[in-house]
>>> print(open('model.pdb').read())   # PDB, C-alpha atoms
ATOM      1  CA  MET A 161    -114.957 -24.100  75.862
ATOM      2  CA  SER A 162    -117.479 -21.295  76.092
ATOM      3  CA  SER A 163    -117.575 -18.231  74.005
ATOM      4  CA  SER A 164    -118.978 -14.945  75.154
ATOM      5  CA  PRO A 165    -121.879 -13.609  73.120
ATOM      6  CA  ILE A 166    -121.421 -10.556  70.959
ATOM      7  CA  SER A 167    -122.688  -7.387  72.575
ATOM      8  CA  TRP A 168    -124.774  -5.990  69.756
ATOM      9  CA  PRO A 169    -125.423  -2.692  71.563
ATOM     10  CA  ALA A 170    -121.635  -2.212  71.792
ATOM     11  CA  VAL A 171    -121.207  -3.072  68.113
ATOM     12  CA  GLY A 172    -123.942  -0.610  67.165
ATOM     13  CA  ALA A 173    -122.501   2.122  69.380
ATOM     14  CA  VAL A 174    -119.078   1.756  67.756
ATOM     15  CA  ALA A 175    -120.503   1.417  64.233
ATOM     16  CA  LEU A 176    -122.605   4.594  64.444
ATOM     17  CA  PRO A 177    -119.739   7.118  64.537
ATOM     18  CA  LEU A 178    -117.617   5.021  62.158
ATOM     19  CA  VAL A 179    -120.348   4.874  59.505
ATOM     20  CA  GLY A 180    -121.393   8.487  60.080
ATOM     21  CA  GLY A 181    -117.825   9.722  59.844
ATOM     22  CA  HIS A 182    -117.264   7.780  56.632
ATOM     23  CA  LEU A 183    -120.445   9.189  55.080
ATOM     24  CA  SER A 184    -119.525  12.699  56.192
ATOM     25  CA  GLY A 185    -116.136  12.414  54.500
ATOM     26  CA  TYR A 186    -117.781  11.003  51.397
ATOM     27  CA  LEU A 187    -120.071  14.050  51.147
ATOM     28  CA  GLY A 188    -117.118  16.438  51.074
ATOM     29  CA  ARG A 189    -114.704  14.379  48.999
ATOM     30  CA  GLU A 190    -115.126  16.127  45.638
ATOM     31  CA  ASN A 191    -113.491  19.335  46.870
ATOM     32  CA  TYR A 192    -110.776  17.656  48.875
ATOM     33  CA  GLY A 193    -108.324  17.679  45.971
ATOM     34  CA  ALA A 194    -107.749  20.824  43.948
ATOM     35  CA  TRP A 195    -109.646  23.303  46.123
ATOM     36  CA  TYR A 196    -108.130  22.166  49.418
ATOM     37  CA  ASP A 197    -104.685  21.761  47.883
ATOM     38  CA  SER A 198    -104.859  25.380  46.661
ATOM     39  CA  LEU A 199    -105.297  26.712  50.192
ATOM     40  CA  LYS A 200    -102.370  27.975  52.216
ATOM     41  CA  LYS A 201    -101.860  25.623  55.160
ATOM     42  CA  PRO A 202     -99.395  25.724  58.070
ATOM     43  CA  ASP A 203     -96.266  23.594  58.121
ATOM     44  CA  TRP A 204     -97.504  21.832  61.259
ATOM     45  CA  LYS A 205    -100.532  20.337  59.477
ATOM     46  CA  PRO A 206    -100.564  16.570  59.971
ATOM     47  CA  PRO A 207     -99.960  14.511  56.813
ATOM     48  CA  ARG A 208    -103.069  13.618  54.805
ATOM     49  CA  LEU A 209    -102.700   9.923  55.668
ATOM     50  CA  ALA A 210    -102.975  10.685  59.408
ATOM     51  CA  PHE A 211    -106.571  11.923  59.190
ATOM     52  CA  PRO A 212    -108.400   8.685  58.289
ATOM     53  CA  ILE A 213    -106.255   6.678  60.702
ATOM     54  CA  VAL A 214    -106.781   9.047  63.615
ATOM     55  CA  TRP A 215    -110.477   9.629  62.924
ATOM     56  CA  THR A 216    -111.178   5.905  62.685
ATOM     57  CA  SER A 217    -109.567   5.365  66.087
ATOM     58  CA  LEU A 218    -111.344   8.323  67.646
ATOM     59  CA  TYR A 219    -114.749   7.351  66.248
ATOM     60  CA  ALA A 220    -114.360   3.799  67.543
ATOM     61  CA  GLY A 221    -113.324   5.108  70.960
ATOM     62  CA  MET A 222    -116.152   7.592  71.284
ATOM     63  CA  GLY A 223    -118.621   4.940  70.134
ATOM     64  CA  TYR A 224    -117.408   2.559  72.819
ATOM     65  CA  ALA A 225    -117.509   5.355  75.403
ATOM     66  CA  SER A 226    -121.135   6.025  74.455
ATOM     67  CA  TYR A 227    -121.875   2.327  74.936
ATOM     68  CA  LEU A 228    -120.371   2.420  78.437
ATOM     69  CA  VAL A 229    -122.538   5.426  79.279
ATOM     70  CA  TRP A 230    -125.629   3.822  77.767
ATOM     71  CA  LYS A 231    -125.037   0.612  79.717
ATOM     72  CA  GLU A 232    -124.039   2.194  83.047
ATOM     73  CA  GLY A 233    -126.637   4.971  82.897
ATOM     74  CA  GLY A 234    -129.631   2.751  82.201
ATOM     75  CA  GLY A 235    -130.060   3.179  78.472
ATOM     76  CA  PHE A 236    -131.952   6.154  77.092
ATOM     77  CA  SER A 237    -133.976   6.876  80.221
ATOM     78  CA  GLY A 238    -133.823   9.315  83.096
ATOM     79  CA  SER A 239    -130.820  11.581  83.525
ATOM     80  CA  ASN A 240    -128.947   9.613  80.875
ATOM     81  CA  GLN A 241    -131.126  11.261  78.224
ATOM     82  CA  LEU A 242    -129.240  14.559  78.554
ATOM     83  CA  THR A 243    -125.874  12.821  78.400
ATOM     84  CA  LEU A 244    -126.750  10.850  75.275
ATOM     85  CA  ALA A 245    -128.439  13.903  73.695
ATOM     86  CA  ALA A 246    -125.193  15.839  74.228
ATOM     87  CA  TYR A 247    -123.314  12.979  72.578
ATOM     88  CA  GLY A 248    -125.730  12.990  69.638
ATOM     89  CA  THR A 249    -125.376  16.761  69.289
ATOM     90  CA  GLN A 250    -121.593  16.694  69.197
ATOM     91  CA  LEU A 251    -121.704  13.760  66.783
ATOM     92  CA  ALA A 252    -124.037  15.680  64.441
ATOM     93  CA  LEU A 253    -121.742  18.721  64.572
ATOM     94  CA  ASN A 254    -118.777  16.447  63.859
ATOM     95  CA  PHE A 255    -120.514  14.865  60.871
ATOM     96  CA  ALA A 256    -121.515  18.306  59.553
ATOM     97  CA  TRP A 257    -117.966  19.675  59.395
ATOM     98  CA  SER A 258    -116.711  17.932  56.223
ATOM     99  CA  PRO A 259    -119.794  18.764  54.128
ATOM    100  CA  ILE A 260    -119.573  22.391  55.309
ATOM    101  CA  PHE A 261    -115.815  22.872  54.943
ATOM    102  CA  PHE A 262    -115.154  20.713  51.888
ATOM    103  CA  GLY A 263    -118.596  20.273  50.321
ATOM    104  CA  GLN A 264    -119.591  23.918  50.580
ATOM    105  CA  LYS A 265    -115.988  25.196  50.426
ATOM    106  CA  SER A 266    -116.809  27.218  53.519
ATOM    107  CA  ILE A 267    -113.754  27.778  55.680
ATOM    108  CA  LYS A 268    -115.678  30.187  57.926
ATOM    109  CA  GLY A 269    -118.662  27.846  58.186
ATOM    110  CA  GLY A 270    -116.321  25.020  59.120
ATOM    111  CA  LEU A 271    -114.754  27.214  61.802
ATOM    112  CA  ILE A 272    -118.161  28.068  63.259
ATOM    113  CA  ASP A 273    -119.173  24.407  63.219
ATOM    114  CA  ILE A 274    -115.968  23.141  64.815
ATOM    115  CA  THR A 275    -116.124  25.807  67.529
ATOM    116  CA  LEU A 276    -119.635  24.650  68.435
ATOM    117  CA  LEU A 277    -118.366  21.071  68.212
ATOM    118  CA  ASP A 278    -115.566  21.840  70.674
ATOM    119  CA  ILE A 279    -118.073  23.170  73.209
ATOM    120  CA  ALA A 280    -120.407  20.207  72.725
ATOM    121  CA  ALA A 281    -117.559  17.677  72.914
ATOM    122  CA  VAL A 282    -116.205  19.139  76.157
ATOM    123  CA  GLY A 283    -119.706  19.069  77.639
ATOM    124  CA  THR A 284    -120.200  15.494  76.465
ATOM    125  CA  THR A 285    -116.884  14.422  77.956
ATOM    126  CA  ILE A 286    -117.788  15.906  81.334
ATOM    127  CA  LEU A 287    -121.221  14.253  81.267
ATOM    128  CA  PHE A 288    -119.681  10.930  80.196
ATOM    129  CA  TYR A 289    -117.218  11.127  83.074
ATOM    130  CA  LYS A 290    -120.030  11.667  85.576
ATOM    131  CA  VAL A 291    -121.796   8.513  84.383
ATOM    132  CA  HIS A 292    -118.740   6.314  83.747
ATOM    133  CA  PRO A 293    -115.274   7.818  84.409
ATOM    134  CA  THR A 294    -113.590   5.511  81.884
ATOM    135  CA  ALA A 295    -115.926   6.827  79.173
ATOM    136  CA  GLY A 296    -114.813  10.357  80.002
ATOM    137  CA  TYR A 297    -111.160   9.364  79.801
ATOM    138  CA  ILE A 298    -111.726   7.640  76.447
ATOM    139  CA  MET A 299    -112.949  10.986  75.073
ATOM    140  CA  LEU A 300    -109.744  12.877  75.973
ATOM    141  CA  PRO A 301    -107.778  11.985  72.800
ATOM    142  CA  TYR A 302    -110.798  13.159  70.793
ATOM    143  CA  LEU A 303    -110.710  16.516  72.579
ATOM    144  CA  ALA A 304    -106.987  16.817  71.885
ATOM    145  CA  TRP A 305    -107.452  16.076  68.186
ATOM    146  CA  LEU A 306    -110.384  18.510  67.999
ATOM    147  CA  GLY A 307    -108.100  21.162  69.467
ATOM    148  CA  LEU A 308    -105.594  20.520  66.700
ATOM    149  CA  ALA A 309    -108.340  20.451  64.043
ATOM    150  CA  THR A 310    -109.793  23.712  65.349
ATOM    151  CA  ALA A 311    -106.387  25.394  65.322
ATOM    152  CA  LEU A 312    -105.832  24.142  61.770
ATOM    153  CA  ASN A 313    -109.238  25.418  60.599
ATOM    154  CA  LEU A 314    -108.564  28.794  62.243
ATOM    155  CA  ARG A 315    -105.088  29.052  60.699
ATOM    156  CA  ILE A 316    -106.462  28.205  57.234
ATOM    157  CA  TYR A 317    -109.198  30.809  57.727
ATOM    158  CA  LYS A 318    -106.680  33.496  58.693
ATOM    159  CA  ASP A 319    -104.138  32.561  55.998
ATOM    160  CA  ASN A 320    -106.646  32.529  53.114
ATOM    161  CA  PRO A 321    -108.570  35.809  53.367
ATOM    162  CA  GLU A 322    -109.011  35.957  49.603
ATOM    163  CA  VAL A 323    -111.014  32.714  49.573
ATOM    164  CA  LYS A 324    -114.677  33.641  49.646
ATOM    165  CA  ASP A 325    -117.197  31.197  50.999
ATOM    166  CA  LYS A 326    -119.709  30.186  48.381
TER     167      LYS A 326
END
>>> encode(input="model.pdb", output="structure tokens")
Amino acid sequence: MSSSPISWPAVGAVALPLVGGHLSGYLGRENYGAWYDSLKKPDWKPPRLAFPIVWTSLYAGMGYASYLVWKEGGGFSGSNQLTLAAYGTQLALNFAWSPIFFGQKSIKGGLIDITLLDIAAVGTTILFYKVHPTAGYIMLPYLAWLGLATALNLRIYKDNPEVKDK
């Protein structure tokens, strides 16, 4: 009976967005309660419990997709540098959203960040697809959820004009 060795690069690629996402949420947690609850939100907002479940799945998926790209594209060299830099950029924008929106109580700042994130994530998905089509497909649920998150941020921004960013 042989066992396959653990692919540590794959583990690291999946762990990076999971740990980063957890830390990002931790940085904005203090304003998640009363401040966020006081905001007017649309009826179509997903239940609070959905967010950690969905984000955990999406972070794991995008991490694995990045591993596929890293492996297929030859690591961090050559043309793969742009693809992985795009991934890093969209990941940084993703991690920045919670501290901006919740930590800084900045609905407008969150909207600016998530709009930039949308652009970066679409670009990353296209680049991933060119290197490893499966990696591009793995990113599609993330793009769908970002679309919902962007619409939610925009709706909150429009429905709470009296809330001033600090």
>>> residues_around(input="model.pdb", residues="segment 274-283 of chain A", least_positions_apart="3", cutoff="7 Å", atoms="only C-alpha atoms", output="ChimeraX atom specification")
/A:246,249-250,253-254,257,270-271,286-287,303,306,310
>>> closest_residue(input="model.pdb", among="A:Leu312, A:Val171, A:Ala256, A:Ala220", to="Tyr186 of chain A", atoms="only C-alpha atoms")
A:Ala256
>>> atom_distance(input="model.pdb", atom1="atom CA of Leu228 of chain A", atom2="atom CA of Ala295 of chain A")
6.3 Å
>>> closest_residue(input="model.pdb", among="A:Thr294, A:Tyr302, A:Ser266, A:Phe261", to="Gly188 of chain A", atoms="all atoms listed in the file")
A:Phe261
>>> atom_distance(input="model.pdb", atom1="atom CA of Ala225 of chain A", atom2="atom CA of Ile272 of chain A")
25.8 Å
>>> closest_residue(input="model.pdb", among="A:Leu187, A:Gly181, A:Ser198, A:Ser167", to="Glu322 of chain A", atoms="only C-alpha atoms")
A:Ser198
>>> closest_residue(input="model.pdb", among="A:Ser237, A:Ile298, A:Ala175, A:Leu308", to="Thr285 of chain A", atoms="all atoms listed in the file")
A:Ile298
>>> atom_distance(input="model.pdb", atom1="atom CA of Thr216 of chain A", atom2="atom CA of Pro177 of chain A")
8.8 Å
>>> resolve_selection(input="model.pdb", expression="the PyMOL selection byres ((chain A and resi 320) around 12)", output="list in words")
Trp195, Tyr196, Ser198, Leu199, Lys200, Lys201, Pro202, Ser266, Ile267, Lys268, Asn313, Leu314, Arg315, Ile316, Tyr317, Lys318, Asp319, Pro321, Glu322, Val323, Lys324 and Asp325 of chain A
>>> closest_residue(input="model.pdb", among="A:Tyr224, A:Phe288, A:Phe262, A:Trp215", to="Leu244 of chain A", atoms="all atoms listed in the file")
A:Phe288
>>> closest_residue(input="model.pdb", among="A:His182, A:Arg189, A:Lys205, A:Lys231", to="Trp305 of chain A", atoms="all atoms listed in the file")
A:Lys205
>>> axis_aligned_box(input="model.pdb", around="segment 224-227 of chain A", padding_each_side="8 Å", output="lines of an AutoDock Vina configuration file")
center_x = -119.6
center_y = 4.2
center_z = 74.1
size_x = 20.5
size_y = 19.7
size_z = 18.6
>>> build_atoms(input="model.pdb", residues="segment 258-280 of chain A", atoms="N, CA and C atoms", output="CSV table (one decimal), in the coordinates of the input")
chain,number,residue,atom,x,y,z
A,258,SER,N,-117.2,18.2,57.6
A,258,SER,CA,-116.7,17.9,56.2
A,258,SER,C,-117.6,18.5,55.1
A,259,PRO,N,-118.9,18.2,55.2
A,259,PRO,CA,-119.8,18.8,54.1
A,259,PRO,C,-119.8,20.3,54.1
A,260,ILE,N,-119.6,20.9,55.3
A,260,ILE,CA,-119.6,22.4,55.3
A,260,ILE,C,-118.2,22.9,54.7
A,261,PHE,N,-117.1,22.4,55.3
A,261,PHE,CA,-115.8,22.9,54.9
A,261,PHE,C,-115.5,22.5,53.5
A,262,PHE,N,-115.5,21.2,53.2
A,262,PHE,CA,-115.2,20.7,51.9
A,262,PHE,C,-116.3,20.8,50.9
A,263,GLY,N,-117.5,20.3,51.3
A,263,GLY,CA,-118.6,20.3,50.3
A,263,GLY,C,-119.1,21.7,49.9
A,264,GLN,N,-119.2,22.5,50.9
A,264,GLN,CA,-119.6,23.9,50.6
A,264,GLN,C,-118.4,24.9,50.4
A,265,LYS,N,-117.2,24.4,50.5
A,265,LYS,CA,-116.0,25.2,50.4
A,265,LYS,C,-116.1,26.4,51.4
A,266,SER,N,-116.6,26.2,52.6
A,266,SER,CA,-116.8,27.2,53.5
A,266,SER,C,-115.8,27.1,54.7
A,267,ILE,N,-114.7,27.8,54.6
A,267,ILE,CA,-113.8,27.8,55.7
A,267,ILE,C,-114.4,28.4,56.9
A,268,LYS,N,-115.1,29.5,56.8
A,268,LYS,CA,-115.7,30.2,57.9
A,268,LYS,C,-116.8,29.3,58.5
A,269,GLY,N,-117.6,28.7,57.7
A,269,GLY,CA,-118.7,27.8,58.2
A,269,GLY,C,-118.1,26.7,58.9
A,270,GLY,N,-117.0,26.1,58.4
A,270,GLY,CA,-116.3,25.0,59.1
A,270,GLY,C,-115.8,25.5,60.5
A,271,LEU,N,-115.3,26.7,60.5
A,271,LEU,CA,-114.8,27.2,61.8
A,271,LEU,C,-115.9,27.4,62.8
A,272,ILE,N,-117.0,27.9,62.4
A,272,ILE,CA,-118.2,28.1,63.3
A,272,ILE,C,-118.6,26.7,63.8
A,273,ASP,N,-118.7,25.7,62.8
A,273,ASP,CA,-119.2,24.4,63.2
A,273,ASP,C,-118.2,23.8,64.2
A,274,ILE,N,-116.9,23.8,63.9
A,274,ILE,CA,-116.0,23.1,64.8
A,274,ILE,C,-115.9,23.8,66.2
A,275,THR,N,-116.1,25.1,66.2
A,275,THR,CA,-116.1,25.8,67.5
A,275,THR,C,-117.3,25.3,68.4
A,276,LEU,N,-118.5,25.2,67.7
A,276,LEU,CA,-119.6,24.6,68.4
A,276,LEU,C,-119.4,23.2,68.8
A,277,LEU,N,-118.7,22.5,67.9
A,277,LEU,CA,-118.4,21.1,68.2
A,277,LEU,C,-117.5,21.0,69.4
A,278,ASP,N,-116.5,21.8,69.5
A,278,ASP,CA,-115.6,21.8,70.7
A,278,ASP,C,-116.4,22.0,72.0
A,279,ILE,N,-117.3,22.9,72.0
A,279,ILE,CA,-118.1,23.2,73.2
A,279,ILE,C,-118.9,21.9,73.5
A,280,ALA,N,-119.6,21.4,72.5
A,280,ALA,CA,-120.4,20.2,72.7
A,280,ALA,C,-119.6,19.0,73.2
